[in-house]
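Colleague: What follows is entry_14.cif, made up of mmCIF, C-alpha atoms:
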data_protein
loop_
_atom_site.label_atom_id
_atom_site.label_comp_id
_atom_site.auth_asym_id
_atom_site.auth_seq_id
_atom_site.Cartn_x
_atom_site.Cartn_y
_atom_site.Cartn_z
CA GLY A 9 54.64 -19.47 20.89
CA SER A 10 58.00 -20.52 19.46
CA VAL A 11 56.54 -21.08 15.96
CA GLY A 12 55.45 -17.45 15.74
CA LEU A 13 58.79 -16.36 17.14
CA MET A 14 60.67 -18.23 14.42
CA ASN A 15 58.52 -16.53 11.78
CA ALA A 16 59.37 -13.15 13.33
CA LEU A 17 63.14 -13.64 13.50
CA GLY A 18 63.79 -12.20 10.02
CA GLN A 19 62.12 -8.93 10.93
CA MET A 20 63.78 -8.95 14.34
CA PHE A 21 67.14 -9.10 12.55
CA ASN A 22 66.13 -6.20 10.26
CA ALA A 23 65.01 -4.13 13.26
CA TRP A 24 68.32 -4.86 14.99
CA LYS A 25 70.44 -3.86 12.00
CA GLU A 26 68.39 -0.75 11.20
CA GLN A 27 67.90 0.26 14.86
CA THR A 28 64.11 0.24 14.71
CA PRO A 29 62.27 0.43 18.05
CA LEU A 30 60.07 -2.66 18.13
CA VAL A 31 58.83 -4.98 20.90
CA PHE A 32 58.38 -8.71 20.22
CA TYR A 33 56.50 -11.13 22.46
CA ALA A 34 56.01 -14.88 22.40
CA TYR A 35 55.07 -17.19 25.27
CA ARG A 36 57.23 -20.18 26.10
CA THR A 37 56.42 -23.67 27.31
CA GLU A 38 59.78 -25.06 28.42
CA ASP A 39 59.08 -24.08 32.07
CA SER A 40 55.39 -24.94 32.07
CA ARG A 41 53.87 -27.69 34.19
CA ALA A 42 53.95 -29.93 31.10
CA ALA A 43 57.55 -29.14 30.18
CA GLY A 44 60.12 -31.80 29.36
CA ARG A 45 57.80 -33.94 27.23
CA ASP A 46 58.64 -32.43 23.83
CA GLY A 47 55.19 -30.84 23.86
CA PHE A 48 53.45 -28.54 21.43
CA GLU A 49 55.67 -25.54 20.60
CA GLU A 50 58.18 -26.51 23.30
CA LEU A 51 61.64 -25.12 22.52
CA PRO A 52 64.32 -25.34 25.23
CA GLY A 53 66.41 -22.18 25.51
CA GLN A 54 63.96 -20.03 23.57
CA GLU A 55 65.44 -16.80 24.95
CA GLN A 56 68.90 -17.70 23.64
CA VAL A 57 67.58 -17.54 20.07
CA THR A 58 66.87 -13.79 20.33
CA SER A 59 69.53 -12.57 22.76
CA THR A 60 72.15 -11.75 20.09
CA MET A 61 69.90 -9.42 18.09
CA THR A 62 67.87 -7.54 20.68
CA LYS A 63 68.65 -4.73 23.08
CA LEU A 64 66.80 -6.68 25.74
CA THR A 65 65.63 -10.28 26.05
CA TRP A 66 63.76 -10.85 29.27
CA GLY A 67 61.17 -13.21 30.71
CA ALA A 68 58.63 -12.45 33.41
CA ARG A 69 59.38 -14.82 36.31
CA ARG A 70 55.91 -14.57 37.83
CA PRO A 71 52.51 -13.55 36.41
CA GLU A 72 52.46 -10.31 38.39
CA MET A 73 55.76 -9.30 36.74
CA ILE A 74 54.24 -9.26 33.24
CA PRO A 75 53.27 -5.52 33.24
CA GLU A 76 56.72 -4.52 34.55
CA THR A 77 58.40 -6.69 31.92
CA VAL A 78 56.35 -5.16 29.09
CA ARG A 79 57.08 -1.61 30.35
CA ARG A 80 60.78 -2.37 30.47
CA ALA A 81 60.73 -3.69 26.91
CA PHE A 82 59.13 -0.51 25.54
CA LYS A 83 61.47 1.68 27.60
CA VAL A 84 64.57 -0.08 26.25
CA ALA A 85 63.35 -0.19 22.63
CA TRP A 86 62.51 3.53 22.67
CA THR A 87 65.76 4.68 24.31
CA PRO A 88 68.43 5.75 21.77
CA PRO A 89 70.08 4.04 20.06
CA TYR A 90 66.80 2.33 19.17
CA GLY A 91 66.34 -1.36 18.58
CA PRO A 92 64.11 -4.39 19.17
CA ALA A 93 63.32 -5.94 22.55
CA TYR A 94 61.94 -9.42 23.20
CA VAL A 95 59.80 -10.41 26.16
CA THR A 96 58.38 -13.77 27.06
CA TRP A 97 56.73 -15.66 29.91
CA ASN A 98 55.54 -19.12 30.79
CA SER A 99 52.47 -20.21 28.83
CA ASP A 100 50.84 -21.23 32.12
CA TYR A 101 50.73 -17.54 33.11
CA THR A 102 48.21 -16.68 30.39
CA GLY A 103 45.46 -18.23 32.51
CA GLU A 104 46.44 -16.46 35.73
CA LYS A 105 44.56 -13.49 37.19
CA PHE A 106 46.24 -10.72 39.17
CA GLN A 107 45.94 -7.02 39.88
CA SER A 108 48.53 -4.49 38.74
CA GLU A 109 49.13 -0.76 38.88
CA ILE A 110 48.77 1.06 35.55
CA ILE A 111 51.80 3.28 34.89
CA GLN A 112 51.86 5.67 31.93
CA HIS A 113 54.73 5.30 29.48
CA ASP A 114 55.91 8.90 29.98
CA GLN A 115 56.58 8.07 33.63
CA VAL A 116 59.19 5.44 32.72
CA ASP A 117 60.48 6.83 29.41
CA PRO A 118 63.82 8.66 29.96
CA ARG A 119 63.17 10.84 26.87
CA MET A 120 66.89 10.71 26.17
CA ARG A 121 67.61 13.41 23.60
CA VAL A 122 71.15 14.59 24.22
CA ARG A 123 73.22 17.50 22.93
CA PRO A 124 76.81 16.97 21.76
CA ASN A 125 79.95 17.91 23.66
CA PRO A 126 80.41 21.69 23.11
CA THR A 127 84.19 21.31 22.68
CA GLU A 128 83.67 18.80 19.87
CA VAL A 129 81.04 21.06 18.27
CA GLU A 130 83.57 23.90 18.11
CA ARG A 131 86.21 21.56 16.67
CA ALA A 132 83.75 20.27 14.05
CA ALA A 133 82.68 23.80 13.08
CA LYS A 134 86.31 24.84 12.55
CA LEU A 135 86.98 21.77 10.39
CA LEU A 136 83.90 22.50 8.28
CA VAL A 137 84.73 26.16 7.75
CA GLU A 138 88.34 25.38 6.79
CA ALA A 139 87.54 22.45 4.47
CA ARG A 140 88.07 22.99 0.74
CA ARG A 141 86.24 19.95 -0.65
CA PRO A 142 83.80 18.76 2.03
CA LEU A 143 81.05 16.14 1.74
CA LEU A 144 77.96 15.57 3.88
CA ILE A 145 76.58 12.05 4.38
CA VAL A 146 73.05 11.82 5.79
CA GLY A 147 71.30 8.80 7.30
CA ASP A 148 68.20 7.42 8.98
CA GLU A 149 68.60 9.35 12.24
CA VAL A 150 67.82 12.55 10.32
CA TYR A 151 64.46 11.04 9.39
CA ARG A 152 63.78 9.78 12.92
CA ALA A 153 64.70 13.08 14.58
CA LYS A 154 62.78 15.07 11.94
CA ALA A 155 65.91 17.16 11.40
CA PHE A 156 65.48 17.71 7.63
CA ASP A 157 65.24 21.50 7.77
CA LYS A 158 68.31 21.90 9.96
CA VAL A 159 70.41 19.57 7.80
CA VAL A 160 69.36 21.40 4.62
CA GLN A 161 70.21 24.70 6.30
CA LEU A 162 73.71 23.46 7.19
CA ALA A 163 74.30 22.13 3.68
CA GLU A 164 73.22 25.41 2.08
CA LEU A 165 75.22 27.52 4.55
CA LEU A 166 78.48 25.77 3.60
CA ALA A 167 77.59 24.60 0.06
CA LEU A 168 78.06 20.97 1.12
CA PRO A 169 77.46 18.30 -1.53
CA VAL A 170 75.15 15.71 0.05
CA THR A 171 75.07 11.95 -0.36
CA GLN A 172 73.69 8.94 1.48
CA ALA A 173 75.11 5.50 2.27
CA ARG A 174 72.98 2.38 2.71
CA SER A 175 69.84 3.51 4.56
CA VAL A 176 66.13 2.77 4.89
CA HIS A 177 64.76 6.32 4.70
CA VAL A 178 65.43 9.26 2.39
CA SER A 179 66.97 11.92 4.64
CA PHE A 180 67.62 14.79 2.22
CA PRO A 181 65.46 16.27 -0.60
CA GLN A 182 66.75 14.53 -3.72
CA GLN A 183 65.64 17.36 -6.03
CA HIS A 184 67.93 19.75 -4.15
CA PRO A 185 70.88 21.07 -6.26
CA LEU A 186 73.36 19.98 -3.54
CA TRP A 187 72.22 16.33 -3.73
CA VAL A 188 74.83 14.28 -5.61
CA GLY A 189 73.15 10.86 -5.37
CA SER A 190 73.79 7.86 -3.15
CA ILE A 191 77.27 6.40 -2.79
CA PRO A 192 77.39 3.77 -5.58
CA GLY A 193 80.16 1.64 -4.04
CA GLY A 194 81.37 0.89 -0.57
CA ARG A 195 83.56 4.00 -0.31
CA VAL A 196 83.32 7.78 -0.68
CA GLU A 197 85.88 7.57 -3.52
CA SER A 198 83.29 5.81 -5.70
CA LEU A 199 81.31 9.05 -6.09
CA THR A 200 81.66 10.78 -9.45
CA TYR A 201 81.42 14.13 -7.65
CA PRO A 202 82.92 15.50 -5.50
CA THR A 203 86.43 14.11 -5.94
CA ASP A 204 89.49 14.49 -3.71
CA VAL A 205 87.26 15.05 -0.67
CA ASP A 206 89.24 16.47 2.27
CA LEU A 207 86.46 16.35 4.91
CA VAL A 208 83.42 14.14 5.45
CA ILE A 209 80.69 14.85 7.98
CA ASN A 210 78.21 12.09 8.71
CA ILE A 211 74.87 13.11 10.23
CA GLY A 212 72.78 10.16 11.34
CA GLY A 213 74.11 7.45 9.02
CA LYS A 214 74.92 4.04 10.46
CA LEU A 215 77.60 3.55 7.78
CA GLN A 216 77.43 -0.23 7.69
CA PRO A 217 80.56 -1.46 5.89
CA ASN A 218 80.24 -3.86 2.97
CA SER A 219 83.92 -4.12 2.10
CA PRO A 220 87.22 -4.44 3.99
CA ALA A 221 88.12 -0.82 3.18
CA PRO A 222 86.50 1.87 5.38
CA LEU A 223 83.78 4.01 3.79
CA VAL A 224 85.84 7.12 4.59
CA ALA A 225 89.58 6.87 3.92
CA ARG A 226 91.91 7.28 6.90
CA LYS A 227 93.57 10.33 5.33
CA THR A 228 90.27 12.22 5.14
CA SER A 229 89.11 14.29 8.11
CA PHE A 230 85.90 12.84 9.52
CA ILE A 231 83.15 14.29 11.72
CA ASP A 232 80.67 11.71 13.01
CA MET A 233 77.29 12.75 14.48
CA ARG A 234 74.83 10.12 15.69
CA ASN A 235 73.06 8.95 18.83
CA ASP A 236 74.88 5.60 19.03
CA SER A 237 78.07 6.08 21.03
CA ALA A 238 78.99 2.40 20.65
CA SER A 239 79.44 2.68 16.88
CA VAL A 240 81.20 6.07 16.80
CA GLY A 241 84.90 5.36 16.35
CA SER A 242 84.48 1.58 16.32
CA VAL A 243 85.37 1.19 12.61
CA MET A 244 86.39 4.64 11.38
CA ARG A 245 88.44 7.03 13.47
CA THR A 246 86.89 10.45 13.90
CA ASP A 247 88.32 13.96 14.33
CA ALA A 248 85.16 15.25 16.04
CA PRO A 249 82.78 12.73 17.65
CA LEU A 250 79.36 14.29 18.16
CA VAL A 251 77.21 11.86 20.15
CA ALA A 252 73.81 13.52 20.05
CA ASP A 253 70.26 13.61 18.89
CA VAL A 254 70.98 14.83 15.35
CA ALA A 255 68.34 17.58 15.48
CA TYR A 256 70.00 19.10 18.56
CA GLY A 257 73.47 18.35 17.21
CA THR A 258 72.88 20.04 13.86
CA GLU A 259 71.29 23.01 15.62
CA ASP A 260 74.39 23.44 17.82
CA LEU A 261 76.71 22.98 14.83
CA LEU A 262 74.84 25.65 12.85
CA ALA A 263 75.28 28.12 15.70
CA ALA A 264 79.00 27.33 15.99
CA VAL A 265 79.59 27.63 12.23
CA ASN A 266 77.76 30.96 12.06
CA GLN A 267 80.06 32.35 14.75
CA LEU A 268 83.09 31.51 12.60
CA LEU A 269 81.80 32.75 9.24
CA THR A 270 83.34 36.03 8.12
CA PRO A 271 82.17 37.81 4.94
CA ALA A 272 85.27 36.51 3.13
CA ILE A 273 84.60 32.91 4.14
CA LYS A 274 80.94 33.25 3.13
CA ALA A 275 81.99 34.51 -0.27
CA ARG A 276 84.38 31.59 -0.71
#
Would you give me this structure, written as structure tokens?
Modeller:
Amino acid sequence: GSVGLMNALGQMFNAWKEQTPLVFYAYRTEDSRAAGRDGFEELPGQEQVTSTMTKLTWGARRPEMIPETVRRAFKVAWTPPYGPAYVTWNSDYTGEKFQSEIIQHDQVDPRMRVRPNPTEVERAAKLLVEARRPLLIVGDEVYRAKAFDKVVQLAELLALPVTQARSVHVSFPQQHPLWVGSIPGGRVESLTYPTDVDLVINIGGKLQPNSPAPLVARKTSFIDMRNDSASVGSVMRTDAPLVADVAYGTEDLLAAVNQLLTPAIKAR
């Protein structure tokens, strides 16, 4: 009921900010046969409480719509960019009996793992190869896509110093010699090393700002790779937007970089 929902709101907010796929459910009583009497756990407008921090807030309108509503919630939560969904239905429905078809999740899941725009991959590869003082930022999508090996391979190929902004997961081996530690302040300039960075590539970091200044300065070239098209370019402009599953995106970027590497560039 609404009491349990209120207890869950803190974790719903965390799941929303960190893009964690999670489905919440609580029944509601404001449309029940006893509604309008300030009854037990009755909260008018219960769905409005969750609508601002979920990918989907939806209520089953009839008992037989409950399975469809639950399927939709899992489909939306598990479609990139991930996030929480909230479903609800009238408390009177819990006593109803009905028959429903059982549909497997893989028959409704779009399995949306996308590759980046090839033109942008080529542009990003050229920027990386030409950069003199580049920096790689990693984030939670590397962990979720299990792209560790590919990201390490890219860092080693180009000798990229690696850091991480505010994140939940560790997305690069911190004993690796290219790891320079997490960004201590709200901007790339707060790192002790490297300094005077001329190119930043972000792979899978949400890059939530905590100051008025952008995390990457406007004068610095910026490549942004993540599966959330809505947040790419919304705060920081980007020279090469790579909207993609970061495992596929890093794989494509590795191939493009290798095509550009001459022996002289490798030596440098």
Colleague: One number please: atom CA of A:Ala81 to atom CA of A:Lys25, in Å, one decimal.
Modeller: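 Atom CA of A:Lys25 lies at a distance of 17.8 Å from atom CA of A:Ala81.
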Colleague: Pull out every residue that the PyMOL selection byres ((chain A and resi 254) around 10) matches in the shown coordinates and put them as a PyMOL selection string.
Modeller: chain A and resi 121-124+149-156+158-159+211-212+233-235+250-253+255-261
Colleague: Check which residues satisfy the PyMOL selection byres ((chain A and resi 265) around 12) in the file shown, then give them as a PyMOL selection string.
Modeller: chain A and resi 129-138+161-163+165-166+258-264+266-270+273-274
Colleague: Quote the spacing between atom CA of A:Leu215 and atom CA of A:Phe32 in Å to one decimal place.
Modeller: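 Between these atoms lies a distance of 26.0 Å.
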Colleague: In the coordinates of the file, take the point (53.0, 5.3, 27.3) and a cut-off of 12 Å; then, counting only C-alpha atoms, name each qualifying protein, DNA or RNA residue as a list in words.
Modeller: Val78, Arg79, Arg80, Ala81, Phe82, Lys83, Trp86, Ile110, Ile111, Gln112, His113, Asp114, Gln115, Val116, Asp117, Pro118 and Arg119 of chain A
Colleague: Which value, in Å to one decimal, gives the distance between atom CA of A:Leu168 and atom CA of A:Thr28?
Modeller: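 Interatomic distance, atom CA of A:Leu168 to atom CA of A:Thr28: 28.4 Å.
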Colleague: Taking the file as shown, find all residues satisfying the PyMOL selection byres ((chain A and resi 173) around 12) and write them as a count of residues only.
Modeller: 37
Colleague: Which residue gives the smallest distance to A:Pro249 among A:Pro29, A:Arg141, A:Glu128, A:Pro52, with only C-alpha atoms counted?
Modeller: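 The shortest atom-to-atom distance to A:Pro249 comes from A:Glu128.
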Colleague: Smallest atom-to-atom distance to A:Asp236: which of A:Thr87, A:Asn22, A:Thr62, A:Thr96, using all atoms listed in the file?
Modeller: A:Thr87
Colleague: Could you check the closest approach to A:Val208 for each of A:Gly12, A:Pro92, A:Pro142, A:Pro169 and tell me which residue wins, using all atoms listed in the file?
Modeller: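 Counting all atoms listed in the file, the residue closest to A:Val208 is A:Pro142.
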Colleague: Residues at most 12 Å from A:Trp97, counting all atoms listed in the file, excluding those fewer than 6 positions away in the same chain, as a list in words?
Modeller: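 Those residues are Gly9, Ser10, Tyr33, Ala34, Tyr35, Arg36, Thr37, Glu38, Asp39, Ser40, Gln54, Glu55, Thr65, Trp66, Gly67, Ala68, Arg69, Arg70, Pro71, Glu72, Met73, Ile74, Pro75, Thr77, Val78, Gly103 and Glu104 of chain A.
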Colleague: Edge lengths and centre in Å to one decimal, as JSON, of the axis-aligned box that encloses all listed atoms of stretch 124-141 of chain A with 4 Å added on every side?
Modeller:
{"center_x": 82.6, "center_y": 21.6, "center_z": 11.5, "size_x": 19.5, "size_y": 17.2, "size_z": 32.3}
